[in-house]
Amino acid sequence: MSFIDLSGDGGVQKQILLEGTGIDTPSNGCSVSLHYTGTLDSDGKQFDSSRDRNEPFEFKLGQGSVIKAFDMGVATMKLGERCILKCAPDYAYGASGSPPNIPPNSTLNFELEMLGWKGEDLSPQSDQGIVRFIQKVGEGKKTPNDGAFVKIHLVGQYGGKVFEDRDAEFTLGEGEEAGVIAGVEIALEKFKKMETSKLILKPQFAFGPVEKPEFQLPANATVEYIVTLKEFEREPDSWKLDDAERMEQAKLFKEKGTNYFKDSKFKLALKMYEKSLGFLTSSDTEDSKQFKLTVYLNKALCHQKLSDQDEAKDACNKALEIDHKNVKALYRRGQSRLSLGDFENALTDFNAVREIEPENKAALNQITICKQKIKDYNEQQKKVFANMFTKFAKSDKQREEEWQSKQPDVMKQNFGEWRDDEREHEPTRFEQENPDVIMLNESLKDFRNM
C-alpha cells in the first residue's frame, strides 16, 4: 500500500499495514495508548521501542508533548490500526536530533499500533463526568467565558436513540432557562467557534437521579450529546473595565438575580449574585460596600429558600462584616441558627435585633420560640441524665448482688450470726474499688457512737 501525505509537503507520510475497526479516530485532548518501534530511515537501525519494554506509550493528543508527526499521524488512526509513519526532520527532532541515538537532520520511521484512547476529561473534579471527543475542529483560539451569549445546536442521545435535537440560545451560566443541562454548559467554555464535539455526560452533569419521561430517560442516566457551537459573544473581562463599568455590570447581574428570585429560581439567582459580586472584588468604596451588603443579604435569603442554612449563615456573616448592626443580617442569621439547632446563638441574634429595633415584633416572636426551644432542650437533657443515673444504680446493685451470690456459704452463715453493731464490716466490692468510702463509713460510725 502506498504512502499518504498527511502534512501536504511530504514531511509526514503514512502507510497503513492493517486497517483498524470502526470510523472513530482520537481527537485533540484524548489520552492515547499505542505501541511504537522507531528506526532511522537512513540505515534501518532501531533506536527505541515500547514493545521491547512491554509498556504501551501514552500521551495527550494535540498538546505538543510529542513530535509533530506523532500528533498528526496518530489523529488519523482507528482502533487496532497498524501503520508506518515516515517523519522528515522538521516534523521529528530537527537539526539538533536527539543524541546519542538520533543524529541531526534524521528522517525517522515509526511502526505504530493503536491500542485505544480516552476522551478529554472536562469535568471540574477530573472524574470523567464530562468527556469530550472533538468531531470537527473549531476556528481560531478564543472560547466562550462564563456569561458569554452562545448559539448552539445540540443532539441528545441515549441507548442509540435521539431524545433531543434543537437549536438553543442562552447566556452561559443560565442554561437552565433554556433547558440546557450543566455538563453541556461546562463543556462549552472549552469550545471554539464552529466546533462540533461529542460529549459523554454522567448523571451528575446530566439529569441526575430524576426520571425524564418526556425523553424516555431513566433515573441516573449517562447520556451523549453532539454539540455545535455556532456563534458566541464573550462577556467583558472584569479587569478590562473601569470602576464605573464594573459597577454597571454588577448592577446588571444583581437585577437578573432578583428577577430569578421572584420566579423562585433560587439556584440561578445565586449564580447571578455571585457574578455581581465578582465585578466588585477589588472595589472598596462606600457605594460598593453598600451594594455588596445588599447582595449578601439576597444570597442569604436564596440559601434559606434552598434550606442551605450553613451557606445562609455565612452570607449573613459577610453582610455583618460590612455593617455589624444590620437588622436584616442579624435576623436572617438568627433564623438559620435556629434551624440548625443553635438556639443560644439564635437568641443572641434576635436580642440584638430588639436592641436596635425595640418594636420589632418578628424578632420578639423568634425570641419566644428560642426560649421555649432552650427550655425544652434542658428538660430533655435532665430526663436523659436521670435515666442514665438510674441505669447506673441498677447496674451497680446487680453487680453487687452477683458478687455476694458468689461468696462461700460459711461467710454468709457467720456473717448472719453477728449483730450489726458487733460483726466486722465486710467491704463491698464497690468499697474495695474505692477505699476512701471505707474511711468515710468509719468516720460516720464513730460519729454515731459519740
# chains A, B, ... in the order shown; residues from 1 in each chain; ligands from 1
call {"tool": "select_by_dssp", "arguments": {"residues": "segment 6-232 of chain A", "states": "strand (DSSP E or B)", "output": "number ranges by chain"}}
result
A: 12-18, 21, 31-40, 46-49, 57-60, 79, 82-87, 98, 102, 108-118, 120-121, 130-136, 139, 149-158, 161-171, 193, 196-201, 212, 217, 223-232
call {"tool": "residues_around", "arguments": {"residues": "segment 130-137 of chain A", "least_positions_apart": "3", "cutoff": "10 Å", "atoms": "only C-alpha atoms", "output": "number ranges by chain"}}
result
A: 24-30, 118-127, 140, 182-184, 186-187, 190-206, 224-228
call {"tool": "atom_distance", "arguments": {"atom1": "atom CA of Ser98 of chain A", "atom2": "atom CA of Asp48 of chain A"}}
result
11.6 Å
call {"tool": "closest_atom_pairs", "arguments": {"of": "segment 102-204 of chain A", "to": "segment 82-89 of chain A", "cutoff": "9 Å", "atoms": "only C-alpha atoms", "output": "tab-separated table"}}
result
residue	atom	partner	partner_atom	distance
A:Pro104	CA	A:Pro89	CA	8.1
A:Asn105	CA	A:Pro89	CA	5.1
A:Ser106	CA	A:Pro89	CA	5.4
A:Thr107	CA	A:Ala88	CA	4.6
A:Leu108	CA	A:Cys87	CA	5.1
A:Asn109	CA	A:Lys86	CA	4.6
A:Phe110	CA	A:Leu85	CA	5.0
A:Glu111	CA	A:Ile84	CA	4.5
A:Leu112	CA	A:Cys83	CA	5.4
A:Glu113	CA	A:Arg82	CA	4.4
A:Met114	CA	A:Arg82	CA	6.6
call {"tool": "write_last_selection", "arguments": {"atoms": "N, CA, C and O atoms", "output": "PDB file, in the first residue's frame"}}
result
ATOM      1  N   PRO A 104      21.546  14.432  13.974  1.00  0.00           N
ATOM      2  CA  PRO A 104      20.902  15.643  13.452  1.00  0.00           C
ATOM      3  C   PRO A 104      20.288  15.397  12.076  1.00  0.00           C
ATOM      4  O   PRO A 104      20.784  14.602  11.284  1.00  0.00           O
ATOM      5  N   ASN A 105      19.203  16.108  11.799  1.00  0.00           N
ATOM      6  CA  ASN A 105      18.519  16.079  10.491  1.00  0.00           C
ATOM      7  C   ASN A 105      18.152  14.663  10.043  1.00  0.00           C
ATOM      8  O   ASN A 105      18.284  14.314   8.866  1.00  0.00           O
ATOM      9  N   SER A 106      17.664  13.860  10.981  1.00  0.00           N
ATOM     10  CA  SER A 106      17.315  12.467  10.655  1.00  0.00           C
ATOM     11  C   SER A 106      15.851  12.344  10.251  1.00  0.00           C
ATOM     12  O   SER A 106      14.950  12.900  10.895  1.00  0.00           O
ATOM     13  N   THR A 107      15.613  11.579   9.170  1.00  0.00           N
ATOM     14  CA  THR A 107      14.258  11.161   8.823  1.00  0.00           C
ATOM     15  C   THR A 107      13.992   9.856   9.568  1.00  0.00           C
ATOM     16  O   THR A 107      14.840   8.940   9.559  1.00  0.00           O
ATOM     17  N   LEU A 108      12.836   9.782  10.214  1.00  0.00           N
ATOM     18  CA  LEU A 108      12.541   8.630  11.074  1.00  0.00           C
ATOM     19  C   LEU A 108      11.328   7.868  10.557  1.00  0.00           C
ATOM     20  O   LEU A 108      10.426   8.447   9.941  1.00  0.00           O
ATOM     21  N   ASN A 109      11.330   6.567  10.833  1.00  0.00           N
ATOM     22  CA  ASN A 109      10.176   5.718  10.531  1.00  0.00           C
ATOM     23  C   ASN A 109       9.654   5.118  11.840  1.00  0.00           C
ATOM     24  O   ASN A 109      10.438   4.569  12.631  1.00  0.00           O
ATOM     25  N   PHE A 110       8.363   5.229  12.049  1.00  0.00           N
ATOM     26  CA  PHE A 110       7.737   4.632  13.232  1.00  0.00           C
ATOM     27  C   PHE A 110       6.678   3.634  12.788  1.00  0.00           C
ATOM     28  O   PHE A 110       5.815   3.965  11.962  1.00  0.00           O
ATOM     29  N   GLU A 111       6.775   2.419  13.339  1.00  0.00           N
ATOM     30  CA  GLU A 111       5.673   1.477  13.172  1.00  0.00           C
ATOM     31  C   GLU A 111       4.769   1.632  14.384  1.00  0.00           C
ATOM     32  O   GLU A 111       5.204   1.430  15.525  1.00  0.00           O
ATOM     33  N   LEU A 112       3.501   1.984  14.150  1.00  0.00           N
ATOM     34  CA  LEU A 112       2.552   2.270  15.230  1.00  0.00           C
ATOM     35  C   LEU A 112       1.407   1.274  15.243  1.00  0.00           C
ATOM     36  O   LEU A 112       0.976   0.799  14.190  1.00  0.00           O
ATOM     37  N   GLU A 113       0.924   0.975  16.444  1.00  0.00           N
ATOM     38  CA  GLU A 113      -0.303   0.186  16.616  1.00  0.00           C
ATOM     39  C   GLU A 113      -1.196   0.902  17.619  1.00  0.00           C
ATOM     40  O   GLU A 113      -0.791   1.142  18.763  1.00  0.00           O
ATOM     41  N   MET A 114      -2.394   1.273  17.185  1.00  0.00           N
ATOM     42  CA  MET A 114      -3.332   1.975  18.053  1.00  0.00           C
ATOM     43  C   MET A 114      -4.032   0.991  18.989  1.00  0.00           C
ATOM     44  O   MET A 114      -4.776   0.111  18.557  1.00  0.00           O
TER      45      MET A 114
END
call {"tool": "residues_around", "arguments": {"residues": "Asp314 of chain A", "least_positions_apart": "5", "cutoff": "12 Å", "atoms": "only C-alpha atoms", "output": "list of chain:residue names"}}
result
A:Tyr296, A:Leu297, A:Lys299, A:Ala300, A:Leu301, A:His303, A:Gln304, A:Asp308, A:Gln309, A:Ala319, A:Leu320, A:Glu321, A:Ala329, A:Leu330, A:Arg332, A:Arg333, A:Gly334, A:Ser336, A:Arg337
call {"tool": "write_last_selection", "arguments": {"atoms": "all heavy atoms", "output": "compact mmCIF listing (two decimals), in the first residue's frame"}}
result
# COMPACT_ATOMS: atom_id res chain seq x y z
N TYR A 296 -25.24 40.31 49.54
CA TYR A 296 -25.06 39.25 50.54
C TYR A 296 -26.38 38.92 51.24
O TYR A 296 -26.68 37.75 51.51
CB TYR A 296 -24.02 39.67 51.58
CG TYR A 296 -22.59 39.54 51.11
CD1 TYR A 296 -21.71 40.62 51.19
CD2 TYR A 296 -22.11 38.34 50.58
CE1 TYR A 296 -20.39 40.51 50.76
CE2 TYR A 296 -20.80 38.23 50.14
CZ TYR A 296 -19.95 39.32 50.23
OH TYR A 296 -18.65 39.21 49.80
N LEU A 297 -27.18 39.95 51.52
CA LEU A 297 -28.48 39.70 52.13
C LEU A 297 -29.39 38.91 51.20
O LEU A 297 -30.12 38.01 51.64
CB LEU A 297 -29.14 41.03 52.50
CG LEU A 297 -28.49 41.81 53.66
CD1 LEU A 297 -29.12 43.19 53.79
CD2 LEU A 297 -28.61 41.04 54.96
N LYS A 299 -28.32 36.84 48.87
CA LYS A 299 -27.77 35.48 48.84
C LYS A 299 -28.26 34.67 50.03
O LYS A 299 -28.64 33.50 49.90
CB LYS A 299 -26.24 35.53 48.85
CG LYS A 299 -25.58 35.81 47.52
CD LYS A 299 -24.07 35.63 47.61
CE LYS A 299 -23.71 34.18 47.91
NZ LYS A 299 -22.25 33.99 48.02
N ALA A 300 -28.25 35.30 51.20
CA ALA A 300 -28.70 34.60 52.41
C ALA A 300 -30.14 34.14 52.26
O ALA A 300 -30.49 32.99 52.61
CB ALA A 300 -28.56 35.53 53.62
N LEU A 301 -30.98 34.99 51.68
CA LEU A 301 -32.38 34.64 51.50
C LEU A 301 -32.53 33.48 50.51
O LEU A 301 -33.34 32.57 50.73
CB LEU A 301 -33.15 35.87 51.00
CG LEU A 301 -34.66 35.87 51.21
CD1 LEU A 301 -35.03 35.61 52.65
CD2 LEU A 301 -35.24 37.21 50.75
N HIS A 303 -30.30 31.09 49.92
CA HIS A 303 -29.84 29.87 50.59
C HIS A 303 -30.90 29.35 51.57
O HIS A 303 -31.10 28.13 51.69
CB HIS A 303 -28.53 30.12 51.32
CG HIS A 303 -27.33 30.20 50.43
ND1 HIS A 303 -26.97 29.15 49.59
CD2 HIS A 303 -26.40 31.17 50.23
CE1 HIS A 303 -25.88 29.48 48.93
NE2 HIS A 303 -25.52 30.68 49.28
N GLN A 304 -31.58 30.26 52.24
CA GLN A 304 -32.64 29.83 53.16
C GLN A 304 -33.79 29.19 52.40
O GLN A 304 -34.37 28.20 52.86
CB GLN A 304 -33.12 31.03 53.98
CG GLN A 304 -32.11 31.46 55.05
CD GLN A 304 -32.60 32.64 55.87
OE1 GLN A 304 -33.37 33.47 55.41
NE2 GLN A 304 -32.13 32.73 57.10
N ASP A 308 -30.40 25.65 52.77
CA ASP A 308 -28.95 25.54 52.97
C ASP A 308 -28.55 26.56 54.03
O ASP A 308 -28.04 27.64 53.73
CB ASP A 308 -28.21 25.80 51.65
CG ASP A 308 -26.75 25.39 51.71
OD1 ASP A 308 -26.26 25.13 52.83
OD2 ASP A 308 -26.09 25.34 50.66
N GLN A 309 -28.78 26.20 55.29
CA GLN A 309 -28.65 27.16 56.38
C GLN A 309 -27.21 27.55 56.68
O GLN A 309 -26.95 28.69 57.08
CB GLN A 309 -29.33 26.61 57.64
CG GLN A 309 -30.79 26.22 57.47
CD GLN A 309 -31.66 27.40 57.07
OE1 GLN A 309 -31.30 28.56 57.24
NE2 GLN A 309 -32.84 27.12 56.50
N ALA A 319 -22.26 40.00 55.35
CA ALA A 319 -23.01 41.25 55.43
C ALA A 319 -22.68 42.00 56.73
O ALA A 319 -22.51 43.22 56.74
CB ALA A 319 -24.50 40.97 55.34
N LEU A 320 -22.56 41.25 57.82
CA LEU A 320 -22.28 41.87 59.12
C LEU A 320 -20.85 42.39 59.23
O LEU A 320 -20.56 43.26 60.06
CB LEU A 320 -22.57 40.87 60.24
CG LEU A 320 -24.07 40.57 60.44
CD1 LEU A 320 -24.28 39.35 61.32
CD2 LEU A 320 -24.78 41.79 61.03
N GLU A 321 -19.94 41.86 58.40
CA GLU A 321 -18.59 42.43 58.35
C GLU A 321 -18.63 43.85 57.79
O GLU A 321 -17.78 44.68 58.12
CB GLU A 321 -17.69 41.55 57.47
CG GLU A 321 -17.30 40.23 58.11
CD GLU A 321 -16.51 39.34 57.17
OE1 GLU A 321 -16.10 39.83 56.09
OE2 GLU A 321 -16.29 38.16 57.50
N ALA A 329 -29.49 41.25 58.42
CA ALA A 329 -28.44 40.23 58.54
C ALA A 329 -28.52 39.50 59.87
O ALA A 329 -28.40 38.26 59.94
CB ALA A 329 -27.07 40.87 58.36
N LEU A 330 -28.75 40.25 60.95
CA LEU A 330 -28.87 39.63 62.28
C LEU A 330 -30.09 38.72 62.33
O LEU A 330 -30.03 37.60 62.86
CB LEU A 330 -28.97 40.72 63.35
CG LEU A 330 -27.68 41.50 63.66
CD1 LEU A 330 -28.01 42.74 64.48
CD2 LEU A 330 -26.68 40.62 64.38
N ARG A 332 -31.77 37.26 59.82
CA ARG A 332 -31.65 36.07 58.96
C ARG A 332 -30.62 35.09 59.50
O ARG A 332 -30.81 33.87 59.40
CB ARG A 332 -31.32 36.50 57.53
CG ARG A 332 -32.50 37.16 56.84
CD ARG A 332 -32.19 37.72 55.48
NE ARG A 332 -33.32 38.53 55.00
CZ ARG A 332 -33.31 39.28 53.92
NH1 ARG A 332 -32.21 39.33 53.15
NH2 ARG A 332 -34.37 39.98 53.56
N ARG A 333 -29.55 35.61 60.10
CA ARG A 333 -28.60 34.68 60.72
C ARG A 333 -29.25 33.97 61.90
O ARG A 333 -29.03 32.77 62.12
CB ARG A 333 -27.34 35.43 61.17
CG ARG A 333 -26.25 34.49 61.68
CD ARG A 333 -24.96 35.20 61.97
NE ARG A 333 -25.06 36.08 63.13
CZ ARG A 333 -24.03 36.76 63.64
NH1 ARG A 333 -22.84 36.68 63.06
NH2 ARG A 333 -24.19 37.54 64.70
N GLY A 334 -30.07 34.72 62.66
CA GLY A 334 -30.79 34.09 63.77
C GLY A 334 -31.71 32.99 63.28
O GLY A 334 -31.80 31.91 63.88
N SER A 336 -31.33 31.15 60.58
CA SER A 336 -30.51 30.00 60.17
C SER A 336 -29.98 29.25 61.37
O SER A 336 -29.97 28.01 61.39
CB SER A 336 -29.36 30.47 59.28
OG SER A 336 -29.84 30.94 58.04
N ARG A 337 -29.53 29.98 62.37
CA ARG A 337 -29.03 29.32 63.60
C ARG A 337 -30.14 28.54 64.29
O ARG A 337 -29.92 27.44 64.81
CB ARG A 337 -28.44 30.37 64.53
CG ARG A 337 -27.06 30.86 64.10
CD ARG A 337 -26.56 32.01 64.95
NE ARG A 337 -25.12 32.19 64.80
CZ ARG A 337 -24.42 33.19 65.33
NH1 ARG A 337 -25.04 34.11 66.05
NH2 ARG A 337 -23.12 33.27 65.16
call {"tool": "select_by_dssp", "arguments": {"residues": "segment 163-249 of chain A", "states": "alpha helix (DSSP H)", "output": "list in words"}}
result
Ala182, Gly183, Val184, Glu185, Ile186, Ala187, Leu188, Asp243, Ala244, Glu245, Arg246, Met247, Glu248 and Gln249 of chain A
call {"tool": "closest_residue", "arguments": {"among": "A:Leu6, A:Glu286, A:Thr143, A:Asp90", "to": "Thr76 of chain A", "atoms": "only C-alpha atoms"}}
result
A:Leu6
call {"tool": "atom_distance", "arguments": {"atom1": "atom CA of Val155 of chain A", "atom2": "atom CA of Val223 of chain A"}}
result
10.6 Å
call {"tool": "residues_around", "arguments": {"residues": "Val150 of chain A", "least_positions_apart": "5", "cutoff": "12 Å", "atoms": "only C-alpha atoms", "output": "ChimeraX atom specification"}}
result
/A:143-145,167-175,178,180,184-185,188-189,191-194,227-235
call {"tool": "decode", "arguments": {"residues": "segment 58-103 of chain A", "atoms": "N, CA and C atoms", "output": "JSON list (two decimals), in the first residue's frame"}}
result
[["chain", "number", "residue", "atom", "x", "y", "z"],
["A", 58, "GLU", "N", 1.74, 6.26, 26.31],
["A", 58, "GLU", "CA", 0.52, 7.04, 26.47],
["A", 58, "GLU", "C", 0.84, 8.53, 26.47],
["A", 59, "PHE", "N", 0.01, 9.31, 25.81],
["A", 59, "PHE", "CA", 0.18, 10.76, 25.80],
["A", 59, "PHE", "C", -1.13, 11.43, 25.42],
["A", 60, "LYS", "N", -1.22, 12.74, 25.68],
["A", 60, "LYS", "CA", -2.40, 13.51, 25.31],
["A", 60, "LYS", "C", -2.19, 14.09, 23.92],
["A", 61, "LEU", "N", -3.12, 13.78, 23.06],
["A", 61, "LEU", "CA", -3.01, 14.18, 21.66],
["A", 61, "LEU", "C", -3.24, 15.69, 21.49],
["A", 62, "GLY", "N", -2.40, 16.28, 20.62],
["A", 62, "GLY", "CA", -2.59, 17.69, 20.27],
["A", 62, "GLY", "C", -2.11, 18.68, 21.31],
["A", 63, "GLN", "N", -1.36, 18.21, 22.31],
["A", 63, "GLN", "CA", -0.88, 19.10, 23.36],
["A", 63, "GLN", "C", 0.59, 19.49, 23.19],
["A", 64, "GLY", "N", 1.22, 19.02, 22.12],
["A", 64, "GLY", "CA", 2.62, 19.35, 21.88],
["A", 64, "GLY", "C", 3.59, 18.60, 22.77],
["A", 65, "SER", "N", 3.15, 17.49, 23.36],
["A", 65, "SER", "CA", 4.02, 16.73, 24.25],
["A", 65, "SER", "C", 4.85, 15.69, 23.51],
["A", 66, "VAL", "N", 4.60, 15.52, 22.21],
["A", 66, "VAL", "CA", 5.35, 14.58, 21.37],
["A", 66, "VAL", "C", 5.78, 15.32, 20.09],
["A", 67, "ILE", "N", 6.54, 14.66, 19.25],
["A", 67, "ILE", "CA", 6.96, 15.29, 17.99],
["A", 67, "ILE", "C", 5.73, 15.57, 17.12],
["A", 68, "LYS", "N", 5.83, 16.56, 16.25],
["A", 68, "LYS", "CA", 4.69, 16.99, 15.42],
["A", 68, "LYS", "C", 4.09, 15.84, 14.62],
["A", 69, "ALA", "N", 4.97, 14.96, 14.10],
["A", 69, "ALA", "CA", 4.48, 13.87, 13.26],
["A", 69, "ALA", "C", 3.57, 12.93, 14.04],
["A", 70, "PHE", "N", 3.86, 12.72, 15.33],
["A", 70, "PHE", "CA", 3.01, 11.86, 16.16],
["A", 70, "PHE", "C", 1.62, 12.47, 16.31],
["A", 71, "ASP", "N", 1.56, 13.75, 16.65],
["A", 71, "ASP", "CA", 0.26, 14.41, 16.81],
["A", 71, "ASP", "C", -0.55, 14.32, 15.52],
["A", 72, "MET", "N", 0.11, 14.52, 14.38],
["A", 72, "MET", "CA", -0.60, 14.50, 13.09],
["A", 72, "MET", "C", -1.01, 13.09, 12.69],
["A", 73, "GLY", "N", -0.11, 12.14, 12.81],
["A", 73, "GLY", "CA", -0.36, 10.78, 12.34],
["A", 73, "GLY", "C", -1.32, 10.02, 13.22],
["A", 74, "VAL", "N", -1.15, 10.10, 14.53],
["A", 74, "VAL", "CA", -1.99, 9.34, 15.46],
["A", 74, "VAL", "C", -3.44, 9.81, 15.38],
["A", 75, "ALA", "N", -3.66, 11.10, 15.08],
["A", 75, "ALA", "CA", -5.01, 11.62, 14.98],
["A", 75, "ALA", "C", -5.80, 11.00, 13.83],
["A", 76, "THR", "N", -5.12, 10.31, 12.90],
["A", 76, "THR", "CA", -5.81, 9.68, 11.76],
["A", 76, "THR", "C", -6.04, 8.19, 11.96],
["A", 77, "MET", "N", -5.61, 7.62, 13.09],
["A", 77, "MET", "CA", -5.64, 6.17, 13.27],
["A", 77, "MET", "C", -6.94, 5.69, 13.91],
["A", 78, "LYS", "N", -7.42, 4.56, 13.44],
["A", 78, "LYS", "CA", -8.60, 3.91, 14.00],
["A", 78, "LYS", "C", -8.15, 2.86, 15.02],
["A", 79, "LEU", "N", -9.09, 2.37, 15.78],
["A", 79, "LEU", "CA", -8.79, 1.38, 16.81],
["A", 79, "LEU", "C", -8.22, 0.11, 16.18],
["A", 80, "GLY", "N", -7.07, -0.36, 16.69],
["A", 80, "GLY", "CA", -6.43, -1.57, 16.20],
["A", 80, "GLY", "C", -5.60, -1.37, 14.95],
["A", 81, "GLU", "N", -5.59, -0.19, 14.39],
["A", 81, "GLU", "CA", -4.84, 0.07, 13.16],
["A", 81, "GLU", "C", -3.34, -0.03, 13.40],
["A", 82, "ARG", "N", -2.63, -0.58, 12.38],
["A", 82, "ARG", "CA", -1.17, -0.57, 12.37],
["A", 82, "ARG", "C", -0.71, 0.16, 11.12],
["A", 83, "CYS", "N", 0.34, 0.99, 11.28],
["A", 83, "CYS", "CA", 0.81, 1.78, 10.14],
["A", 83, "CYS", "C", 2.30, 2.11, 10.31],
["A", 84, "ILE", "N", 2.87, 2.58, 9.21],
["A", 84, "ILE", "CA", 4.21, 3.15, 9.21],
["A", 84, "ILE", "C", 4.08, 4.66, 9.06],
["A", 85, "LEU", "N", 4.75, 5.40, 9.92],
["A", 85, "LEU", "CA", 4.74, 6.86, 9.86],
["A", 85, "LEU", "C", 6.16, 7.32, 9.52],
["A", 86, "LYS", "N", 6.29, 7.95, 8.35],
["A", 86, "LYS", "CA", 7.60, 8.44, 7.90],
["A", 86, "LYS", "C", 7.67, 9.93, 8.20],
["A", 87, "CYS", "N", 8.68, 10.34, 8.97],
["A", 87, "CYS", "CA", 8.73, 11.70, 9.51],
["A", 87, "CYS", "C", 10.01, 12.41, 9.08],
["A", 88, "ALA", "N", 9.87, 13.49, 8.33],
["A", 88, "ALA", "CA", 11.01, 14.32, 7.96],
["A", 88, "ALA", "C", 11.54, 15.04, 9.19],
["A", 89, "PRO", "N", 12.79, 15.51, 9.19],
["A", 89, "PRO", "CA", 13.39, 16.16, 10.37],
["A", 89, "PRO", "C", 12.55, 17.29, 10.95],
["A", 90, "ASP", "N", 11.92, 18.12, 10.08],
["A", 90, "ASP", "CA", 11.14, 19.25, 10.58],
["A", 90, "ASP", "C", 9.94, 18.81, 11.40],
["A", 91, "TYR", "N", 9.51, 17.56, 11.22],
["A", 91, "TYR", "CA", 8.36, 17.04, 11.97],
["A", 91, "TYR", "C", 8.80, 16.04, 13.03],
["A", 92, "ALA", "N", 10.13, 15.91, 13.21],
["A", 92, "ALA", "CA", 10.68, 14.99, 14.21],
["A", 92, "ALA", "C", 11.59, 15.77, 15.15],
["A", 93, "TYR", "N", 12.91, 15.49, 15.12],
["A", 93, "TYR", "CA", 13.83, 16.12, 16.06],
["A", 93, "TYR", "C", 14.70, 17.19, 15.42],
["A", 94, "GLY", "N", 14.43, 17.52, 14.16],
["A", 94, "GLY", "CA", 15.06, 18.66, 13.50],
["A", 94, "GLY", "C", 16.55, 18.57, 13.37],
["A", 95, "ALA", "N", 17.17, 19.76, 13.29],
["A", 95, "ALA", "CA", 18.61, 19.87, 13.05],
["A", 95, "ALA", "C", 19.43, 19.40, 14.23],
["A", 96, "SER", "N", 18.88, 19.42, 15.42],
["A", 96, "SER", "CA", 19.65, 19.02, 16.62],
["A", 96, "SER", "C", 19.63, 17.51, 16.85],
["A", 97, "GLY", "N", 18.61, 16.81, 16.32],
["A", 97, "GLY", "CA", 18.50, 15.38, 16.58],
["A", 97, "GLY", "C", 18.18, 15.11, 18.04],
["A", 98, "SER", "N", 18.44, 13.88, 18.48],
["A", 98, "SER", "CA", 18.26, 13.51, 19.89],
["A", 98, "SER", "C", 19.38, 12.55, 20.27],
["A", 99, "PRO", "N", 20.57, 13.13, 20.53],
["A", 99, "PRO", "CA", 21.75, 12.30, 20.83],
["A", 99, "PRO", "C", 21.49, 11.39, 22.03],
["A", 100, "PRO", "N", 22.11, 10.21, 22.10],
["A", 100, "PRO", "CA", 23.09, 9.73, 21.11],
["A", 100, "PRO", "C", 22.47, 8.85, 20.00],
["A", 101, "ASN", "N", 21.17, 8.57, 20.11],
["A", 101, "ASN", "CA", 20.58, 7.59, 19.20],
["A", 101, "ASN", "C", 20.09, 8.16, 17.88],
["A", 102, "ILE", "N", 19.70, 9.46, 17.89],
["A", 102, "ILE", "CA", 19.13, 10.05, 16.67],
["A", 102, "ILE", "C", 20.04, 11.20, 16.21],
["A", 103, "PRO", "N", 20.74, 11.01, 15.10],
["A", 103, "PRO", "CA", 21.64, 12.06, 14.59],
["A", 103, "PRO", "C", 20.87, 13.29, 14.13]]
